[in-house]
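One structure below.
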Amino acid sequence: MNPEERQDGGGNPRRSAAEIGVRDLVQRMFAKYEVQDVDVTRLPQEASRYTWDELKRMFNLGDEAEAAAEMTLPSHEPPTQSRLEQLLSRQVNRRTAIKLLAMGMVLGFGFLQAACAPLLPFTQADEHARELAELKLEEYFKRNYRLMTDEEKRATIQRLERLHELETGRRPDISMAGPGEKVLYGYAFNISKCRGYLECVKACVEENNQDRSTDMRYIRIHEIPGGEFSMERANDSFYHEVPAEGHMYVGTQCFHCDNPPCVEVCPVQATWREEDGIVVVDYDWCIGCRYCQAACPYDGRRFNWKTPHVPVEEINLEQHYLGNRLRKKGVMEKCTFCIQRTRQGRLPACVEACPTGARVFGNLLDPNSEIRWILENKKVFRLKEDLGTEPKFWYYMD
């Protein structure tokens with residue numbers, strides 16, 4: 001390696017995390033995040049094995065992390081990396097999370113590279129890497145979206161936009177627009193007009209930055225044989241010319257219920273119903289337990305078993321924090337009524353793309369809206385109404 005590459009921006013020798021030492025790294029982290037109740041002089045300079053009790057005393061940590069995770073670590077054994085990761089994945093406060101990261105440094109766990117990176121001296125040529133690491137670390141410690149102040153939300157949006165720009169060279173425009181006044185969204189689906197063309201599915205995938213490598217579709221179009229409406233006989237994996245004679249086509253997606261069972265079962269409050277009726281997910285708060293998916297009676301939720309793949313040139317840069325911004329492995333996602341569009345006064349992508357006019361979307365509180373006319377003048381029905389979920393998605397026929 002060229003000697004110049006082993007120097008920081010001030011011409012001093014550049015040192016690795018191992019050369020700097022655990023104590024100094026932890027001290028830098030505590031200074032950066034204002035953790036002041038730990039005597040860093042008691043910390044080792046090199047990674048070592050300590051029992052859980054020893055670590056708790058060393059870092060002045062009570063039982064709050066274990067209580068939040070609903071688990072108890074063996075007091076006289078060193079915690080494993082997976083156990084620390086479990087604790088970090090739970091809803092603990094910022095100070096506790098910093099201490100858990102520091103414990104991992106003391107134990108020598110490799111998953112803390114992201115935490116160490118912003119604390120190391122970088123060369124001027126590595127400023128890109130430093131900024132990326134700092135932004136990712138800040139992201140790790142952000143709060144649930146509903147608990148953020150407006151200032152925290154703006155800072156989070158700017159951070160995500162910059163992260164995407166650093167990683168792809170393109171900067172998204174991420175909105176945090178909230179619900180409008182006197183707005184309650186609803187959807188109506190005309191069964192007699194749908195021909196099974198799947199243009200709505202294609203538009204939804206592109207608009208909402210859905211994974212291209214798996215069958216990640218928010219919208220399902222079900223082909224039902226015969227004249228009787230029966231979802232038990234429906235097929236949503238047809239690959240022949242449509243419309244097929246003697247078949248009808250019915251679309252399903254998230255129905256944005258007034259009483260959503262998915263919200264009730266989420267153990268970390270990562271999903272909720274907004275005032276305009278849209279049920280949303282905080283992707284960075286979701287722990288991937290899939291309780292919501294099991295609770296949904298309409299098969300409206302999708303789980304990312306792998307890191308979603310969207311070609312950079314195909315990423316829709318017009319995004320919303322609670323909508324179509326890029327997701328990650330291990331979290332749930334779903335239809336949001338194209339929140340990035342509808343809160344700007346536009347129609348969902350599926351409604352615009354439908355070539356037969358089978359989809360109608362609008363404000364249920366507007367007496368002059370098309371959807372209100374349909375509900376008042378057509379014979380409409382909803383799926384599984386007996387469950388009391390009050391879905392905001394109706395079906396009708398001409």
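Chain lettering (A, B, ...) mirrors the order of the structure tokens, residue numbering begins at 1 for each chain separately, and ligand numbering begins at 1 in order of display.
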Expected answer as a PDB file with N, CA and C atoms, in the first residue's frame: alpha helix (DSSP H) residues in region 20-70 of chain A:
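New file out_14.pdb:
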ATOM      1  N   ILE A  20      -6.330   1.148  17.054  1.00  0.00           N
ATOM      2  CA  ILE A  20      -6.839   2.183  17.946  1.00  0.00           C
ATOM      3  C   ILE A  20      -7.178   1.601  19.309  1.00  0.00           C
ATOM      4  N   VAL A  22     -10.117  -1.024  21.670  1.00  0.00           N
ATOM      5  CA  VAL A  22     -11.522  -1.038  22.035  1.00  0.00           C
ATOM      6  C   VAL A  22     -11.875   0.153  22.912  1.00  0.00           C
ATOM      7  N   ARG A  23     -11.047   0.415  23.936  1.00  0.00           N
ATOM      8  CA  ARG A  23     -11.384   1.477  24.879  1.00  0.00           C
ATOM      9  C   ARG A  23     -11.536   2.823  24.175  1.00  0.00           C
ATOM     10  N   ASP A  24     -10.590   3.128  23.282  1.00  0.00           N
ATOM     11  CA  ASP A  24     -10.641   4.417  22.593  1.00  0.00           C
ATOM     12  C   ASP A  24     -11.853   4.506  21.667  1.00  0.00           C
ATOM     13  N   LEU A  25     -12.184   3.392  21.005  1.00  0.00           N
ATOM     14  CA  LEU A  25     -13.355   3.383  20.126  1.00  0.00           C
ATOM     15  C   LEU A  25     -14.637   3.628  20.916  1.00  0.00           C
ATOM     16  N   VAL A  26     -14.749   2.929  22.041  1.00  0.00           N
ATOM     17  CA  VAL A  26     -15.938   3.106  22.871  1.00  0.00           C
ATOM     18  C   VAL A  26     -16.004   4.532  23.400  1.00  0.00           C
ATOM     19  N   GLN A  27     -14.853   5.065  23.796  1.00  0.00           N
ATOM     20  CA  GLN A  27     -14.819   6.433  24.302  1.00  0.00           C
ATOM     21  C   GLN A  27     -15.303   7.420  23.238  1.00  0.00           C
ATOM     22  N   ARG A  28     -14.881   7.199  21.984  1.00  0.00           N
ATOM     23  CA  ARG A  28     -15.323   8.072  20.891  1.00  0.00           C
ATOM     24  C   ARG A  28     -16.836   7.932  20.670  1.00  0.00           C
ATOM     25  N   MET A  29     -17.317   6.699  20.736  1.00  0.00           N
ATOM     26  CA  MET A  29     -18.745   6.480  20.539  1.00  0.00           C
ATOM     27  C   MET A  29     -19.557   7.151  21.648  1.00  0.00           C
ATOM     28  N   PHE A  30     -19.124   6.971  22.893  1.00  0.00           N
ATOM     29  CA  PHE A  30     -19.839   7.568  24.016  1.00  0.00           C
ATOM     30  C   PHE A  30     -19.809   9.088  23.937  1.00  0.00           C
ATOM     31  N   ALA A  31     -18.700   9.652  23.483  1.00  0.00           N
ATOM     32  CA  ALA A  31     -18.619  11.107  23.343  1.00  0.00           C
ATOM     33  C   ALA A  31     -19.554  11.606  22.246  1.00  0.00           C
ATOM     34  N   LYS A  32     -19.605  10.852  21.151  1.00  0.00           N
ATOM     35  CA  LYS A  32     -20.452  11.242  20.017  1.00  0.00           C
ATOM     36  C   LYS A  32     -21.919  11.216  20.389  1.00  0.00           C
ATOM     37  N   TRP A  52     -22.063 -11.886  31.276  1.00  0.00           N
ATOM     38  CA  TRP A  52     -23.126 -10.896  31.136  1.00  0.00           C
ATOM     39  C   TRP A  52     -23.209  -9.998  32.370  1.00  0.00           C
ATOM     40  N   ASP A  53     -23.046 -10.584  33.554  1.00  0.00           N
ATOM     41  CA  ASP A  53     -23.053  -9.781  34.780  1.00  0.00           C
ATOM     42  C   ASP A  53     -21.900  -8.782  34.799  1.00  0.00           C
ATOM     43  N   GLU A  54     -20.728  -9.226  34.377  1.00  0.00           N
ATOM     44  CA  GLU A  54     -19.572  -8.335  34.354  1.00  0.00           C
ATOM     45  C   GLU A  54     -19.782  -7.176  33.378  1.00  0.00           C
ATOM     46  N   LEU A  55     -20.356  -7.477  32.232  1.00  0.00           N
ATOM     47  CA  LEU A  55     -20.615  -6.444  31.238  1.00  0.00           C
ATOM     48  C   LEU A  55     -21.636  -5.432  31.742  1.00  0.00           C
ATOM     49  N   LYS A  56     -22.677  -5.917  32.409  1.00  0.00           N
ATOM     50  CA  LYS A  56     -23.695  -4.999  32.916  1.00  0.00           C
ATOM     51  C   LYS A  56     -23.114  -4.052  33.958  1.00  0.00           C
ATOM     52  N   ARG A  57     -22.242  -4.580  34.819  1.00  0.00           N
ATOM     53  CA  ARG A  57     -21.598  -3.705  35.806  1.00  0.00           C
ATOM     54  C   ARG A  57     -20.641  -2.729  35.123  1.00  0.00           C
ATOM     55  N   MET A  58     -19.911  -3.231  34.138  1.00  0.00           N
ATOM     56  CA  MET A  58     -18.931  -2.414  33.433  1.00  0.00           C
ATOM     57  C   MET A  58     -19.592  -1.222  32.733  1.00  0.00           C
ATOM     58  N   GLU A  64     -33.169  -3.403  31.777  1.00  0.00           N
ATOM     59  CA  GLU A  64     -34.162  -2.883  30.843  1.00  0.00           C
ATOM     60  C   GLU A  64     -34.086  -3.536  29.464  1.00  0.00           C
ATOM     61  N   ALA A  65     -32.852  -3.863  29.013  1.00  0.00           N
ATOM     62  CA  ALA A  65     -32.725  -4.473  27.683  1.00  0.00           C
ATOM     63  C   ALA A  65     -33.335  -5.863  27.660  1.00  0.00           C
ATOM     64  N   GLU A  66     -33.072  -6.652  28.685  1.00  0.00           N
ATOM     65  CA  GLU A  66     -33.642  -7.994  28.757  1.00  0.00           C
ATOM     66  C   GLU A  66     -35.152  -7.936  28.902  1.00  0.00           C
ATOM     67  N   ALA A  67     -35.636  -6.967  29.668  1.00  0.00           N
ATOM     68  CA  ALA A  67     -37.079  -6.822  29.844  1.00  0.00           C
ATOM     69  C   ALA A  67     -37.755  -6.470  28.525  1.00  0.00           C
ATOM     70  N   ALA A  68     -37.135  -5.573  27.756  1.00  0.00           N
ATOM     71  CA  ALA A  68     -37.705  -5.181  26.466  1.00  0.00           C
ATOM     72  C   ALA A  68     -37.738  -6.353  25.497  1.00  0.00           C
ATOM     73  N   ALA A  69     -36.705  -7.192  25.564  1.00  0.00           N
ATOM     74  CA  ALA A  69     -36.618  -8.339  24.654  1.00  0.00           C
ATOM     75  C   ALA A  69     -37.354  -9.564  25.191  1.00  0.00           C
TER      76      ALA A  69
END
Inset, instruction - Can you check which residues of region 135-375 of chain A DSSP gives as strand (DSSP E) on the backbone and send them as an MDAnalysis selection string? - result: chainID A and resid 173:175 185:190 220:225 247:252 271:273 279:281 301:303 318:320 332:334 359:363
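Atom pair CA of Ser230 (chain A) / CA of Cys200 (chain A) has a distance of 21.9 Å (rounded to one decimal).
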Inset, instruction - Would you mind telling me which residue in A:Thr307, A:Asp211, A:Asn144, A:Glu206 lies nearest to Trp272 (chain A) when using only C-alpha atoms? - result: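 Nearest to Trp272 (chain A): A:Asn144.
Using only C-alpha atoms, the protein and nucleic acid residues lying no more than 10 Å from Gly196 (chain A), apart from those fewer than 5 places from it along its own chain, are A:Ile221, A:His222, A:Glu223, A:Asp236, A:Phe238, A:Glu241, A:Val242, A:Pro243, A:Ala244, A:His247, A:Met248, A:Tyr249, A:Val250, A:Gly251, A:Cys354, A:Thr356.
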I want to know what sits within 8 Å of region 358-372 of chain A, based on only C-alpha atoms, with residues of the same chain fewer than 5 positions away left out; could you give that as a tab-separated table (two decimals) with C-alpha atoms, in the first residue's frame?
chain	number	residue	atom	x	y	z
A	182	LYS	CA	-61.73	15.77	5.77
A	183	VAL	CA	-60.25	12.94	3.72
A	184	LEU	CA	-61.06	9.23	4.06
A	185	TYR	CA	-59.95	7.12	1.13
A	186	GLY	CA	-61.97	4.29	-0.34
A	187	TYR	CA	-61.76	1.98	-3.34
A	188	ALA	CA	-64.33	0.29	-5.57
A	189	PHE	CA	-63.72	-2.54	-8.04
A	190	ASN	CA	-66.07	-3.19	-10.97
A	191	ILE	CA	-66.02	-6.96	-11.53
A	192	SER	CA	-67.93	-6.71	-14.79
A	193	LYS	CA	-65.23	-4.51	-16.36
A	194	CYS	CA	-62.03	-6.31	-15.33
A	347	LEU	CA	-54.83	8.63	-8.30
A	348	PRO	CA	-53.10	5.34	-7.39
A	350	CYS	CA	-53.30	0.90	-10.61
A	351	VAL	CA	-56.34	3.13	-11.17
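For the residues A:Val263, A:Cys292, A:Val280, A:Ala203, ranking by smallest atom-to-atom distance to Tyr321 (chain A) using only C-alpha atoms places A:Val280 first.
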Inset, instruction - One decimal, Å: what's the distance from CA of Ala270 (chain A) over to CA of Thr156 (chain A), could you say? - result: 16.7 Å
Inset, instruction - For Ser175 (chain A), list every protein, DNA or RNA residue within 12 Å, evaluated using only C-alpha atoms, and leave out those in the same chain fewer than 3 positions away; present the list as a ChimeraX atom specification. - result: /A:153-154,156-158,160-161,172,178,317-325,339-344
Next, the residues of the selection above should be written as a PDB file, in the first residue's frame with N, CA and C atoms.
ATOM      1  N   LYS A 153     -38.166  14.098  11.719  1.00  0.00           N
ATOM      2  CA  LYS A 153     -38.648  13.534  10.454  1.00  0.00           C
ATOM      3  C   LYS A 153     -37.901  14.151   9.272  1.00  0.00           C
ATOM      4  N   ARG A 154     -37.744  15.475   9.316  1.00  0.00           N
ATOM      5  CA  ARG A 154     -37.022  16.135   8.214  1.00  0.00           C
ATOM      6  C   ARG A 154     -35.575  15.670   8.140  1.00  0.00           C
ATOM      7  N   THR A 156     -34.430  12.796   9.142  1.00  0.00           N
ATOM      8  CA  THR A 156     -34.450  11.417   8.661  1.00  0.00           C
ATOM      9  C   THR A 156     -34.621  11.363   7.152  1.00  0.00           C
ATOM     10  N   ILE A 157     -35.527  12.175   6.625  1.00  0.00           N
ATOM     11  CA  ILE A 157     -35.750  12.227   5.182  1.00  0.00           C
ATOM     12  C   ILE A 157     -34.470  12.647   4.455  1.00  0.00           C
ATOM     13  N   GLN A 158     -33.838  13.697   4.937  1.00  0.00           N
ATOM     14  CA  GLN A 158     -32.599  14.174   4.311  1.00  0.00           C
ATOM     15  C   GLN A 158     -31.511  13.114   4.366  1.00  0.00           C
ATOM     16  N   LEU A 160     -31.943   9.793   4.494  1.00  0.00           N
ATOM     17  CA  LEU A 160     -32.266   8.707   3.558  1.00  0.00           C
ATOM     18  C   LEU A 160     -32.009   9.132   2.114  1.00  0.00           C
ATOM     19  N   GLU A 161     -32.343  10.363   1.794  1.00  0.00           N
ATOM     20  CA  GLU A 161     -32.097  10.848   0.434  1.00  0.00           C
ATOM     21  C   GLU A 161     -30.605  10.870   0.136  1.00  0.00           C
ATOM     22  N   PRO A 172     -33.375  10.587  -4.429  1.00  0.00           N
ATOM     23  CA  PRO A 172     -34.841  10.523  -4.446  1.00  0.00           C
ATOM     24  C   PRO A 172     -35.452  11.750  -3.782  1.00  0.00           C
ATOM     25  N   GLY A 178     -48.548  14.361   5.378  1.00  0.00           N
ATOM     26  CA  GLY A 178     -49.506  13.700   6.246  1.00  0.00           C
ATOM     27  C   GLY A 178     -50.902  13.680   5.653  1.00  0.00           C
ATOM     28  N   LEU A 317     -38.067   7.520  -8.083  1.00  0.00           N
ATOM     29  CA  LEU A 317     -37.455   8.428  -7.124  1.00  0.00           C
ATOM     30  C   LEU A 317     -38.473   9.307  -6.405  1.00  0.00           C
ATOM     31  N   GLU A 318     -39.718   9.318  -6.866  1.00  0.00           N
ATOM     32  CA  GLU A 318     -40.784  10.052  -6.173  1.00  0.00           C
ATOM     33  C   GLU A 318     -41.352   9.123  -5.107  1.00  0.00           C
ATOM     34  N   GLN A 319     -40.951   9.356  -3.852  1.00  0.00           N
ATOM     35  CA  GLN A 319     -41.243   8.386  -2.792  1.00  0.00           C
ATOM     36  C   GLN A 319     -41.895   9.035  -1.584  1.00  0.00           C
ATOM     37  N   HIS A 320     -42.421   8.189  -0.709  1.00  0.00           N
ATOM     38  CA  HIS A 320     -42.962   8.627   0.584  1.00  0.00           C
ATOM     39  C   HIS A 320     -42.337   7.748   1.656  1.00  0.00           C
ATOM     40  N   TYR A 321     -42.051   8.330   2.817  1.00  0.00           N
ATOM     41  CA  TYR A 321     -41.397   7.575   3.890  1.00  0.00           C
ATOM     42  C   TYR A 321     -42.205   6.341   4.267  1.00  0.00           C
ATOM     43  N   LEU A 322     -43.539   6.459   4.281  1.00  0.00           N
ATOM     44  CA  LEU A 322     -44.412   5.345   4.665  1.00  0.00           C
ATOM     45  C   LEU A 322     -44.926   4.585   3.451  1.00  0.00           C
ATOM     46  N   GLY A 323     -44.336   4.857   2.295  1.00  0.00           N
ATOM     47  CA  GLY A 323     -44.828   4.230   1.079  1.00  0.00           C
ATOM     48  C   GLY A 323     -43.785   3.467   0.306  1.00  0.00           C
ATOM     49  N   ASN A 324     -43.389   4.012  -0.845  1.00  0.00           N
ATOM     50  CA  ASN A 324     -42.611   3.245  -1.815  1.00  0.00           C
ATOM     51  C   ASN A 324     -41.109   3.446  -1.725  1.00  0.00           C
ATOM     52  N   ARG A 325     -40.589   3.975  -0.595  1.00  0.00           N
ATOM     53  CA  ARG A 325     -39.132   4.019  -0.471  1.00  0.00           C
ATOM     54  C   ARG A 325     -38.614   2.581  -0.395  1.00  0.00           C
ATOM     55  N   ILE A 339     -49.540   6.044  -1.461  1.00  0.00           N
ATOM     56  CA  ILE A 339     -49.557   7.208  -0.580  1.00  0.00           C
ATOM     57  C   ILE A 339     -48.717   8.356  -1.122  1.00  0.00           C
ATOM     58  N   GLN A 340     -47.666   8.031  -1.861  1.00  0.00           N
ATOM     59  CA  GLN A 340     -46.809   9.072  -2.437  1.00  0.00           C
ATOM     60  C   GLN A 340     -47.538   9.834  -3.535  1.00  0.00           C
ATOM     61  N   ARG A 341     -48.581   9.255  -4.086  1.00  0.00           N
ATOM     62  CA  ARG A 341     -49.376   9.907  -5.130  1.00  0.00           C
ATOM     63  C   ARG A 341     -50.660  10.509  -4.552  1.00  0.00           C
ATOM     64  N   THR A 342     -51.386   9.696  -3.791  1.00  0.00           N
ATOM     65  CA  THR A 342     -52.717  10.123  -3.351  1.00  0.00           C
ATOM     66  C   THR A 342     -52.659  11.326  -2.409  1.00  0.00           C
ATOM     67  N   ARG A 343     -51.601  11.424  -1.614  1.00  0.00           N
ATOM     68  CA  ARG A 343     -51.500  12.598  -0.736  1.00  0.00           C
ATOM     69  C   ARG A 343     -51.022  13.839  -1.479  1.00  0.00           C
ATOM     70  N   GLN A 344     -50.772  13.675  -2.764  1.00  0.00           N
ATOM     71  CA  GLN A 344     -50.473  14.819  -3.631  1.00  0.00           C
ATOM     72  C   GLN A 344     -51.647  15.115  -4.557  1.00  0.00           C
TER      73      GLN A 344
END
Legend entry - Contacts of Lys384 (chain A) at 10 Å (only C-alpha atoms; same-chain gap of 5+ positions) as number ranges by chain: A: 297-298, 389-391
So that I have them on file, write out the residues from the current selection with C-alpha atoms, as a JSON list (two decimals), in the first residue's frame.
[["chain", "number", "residue", "atom", "x", "y", "z"],
["A", 297, "PRO", "CA", -57.91, -12.24, 6.35],
["A", 298, "TYR", "CA", -57.37, -10.85, 2.84],
["A", 389, "THR", "CA", -62.84, -5.45, 9.85],
["A", 390, "GLU", "CA", -64.71, -2.75, 7.88],
["A", 391, "PRO", "CA", -62.53, -2.83, 4.74]]
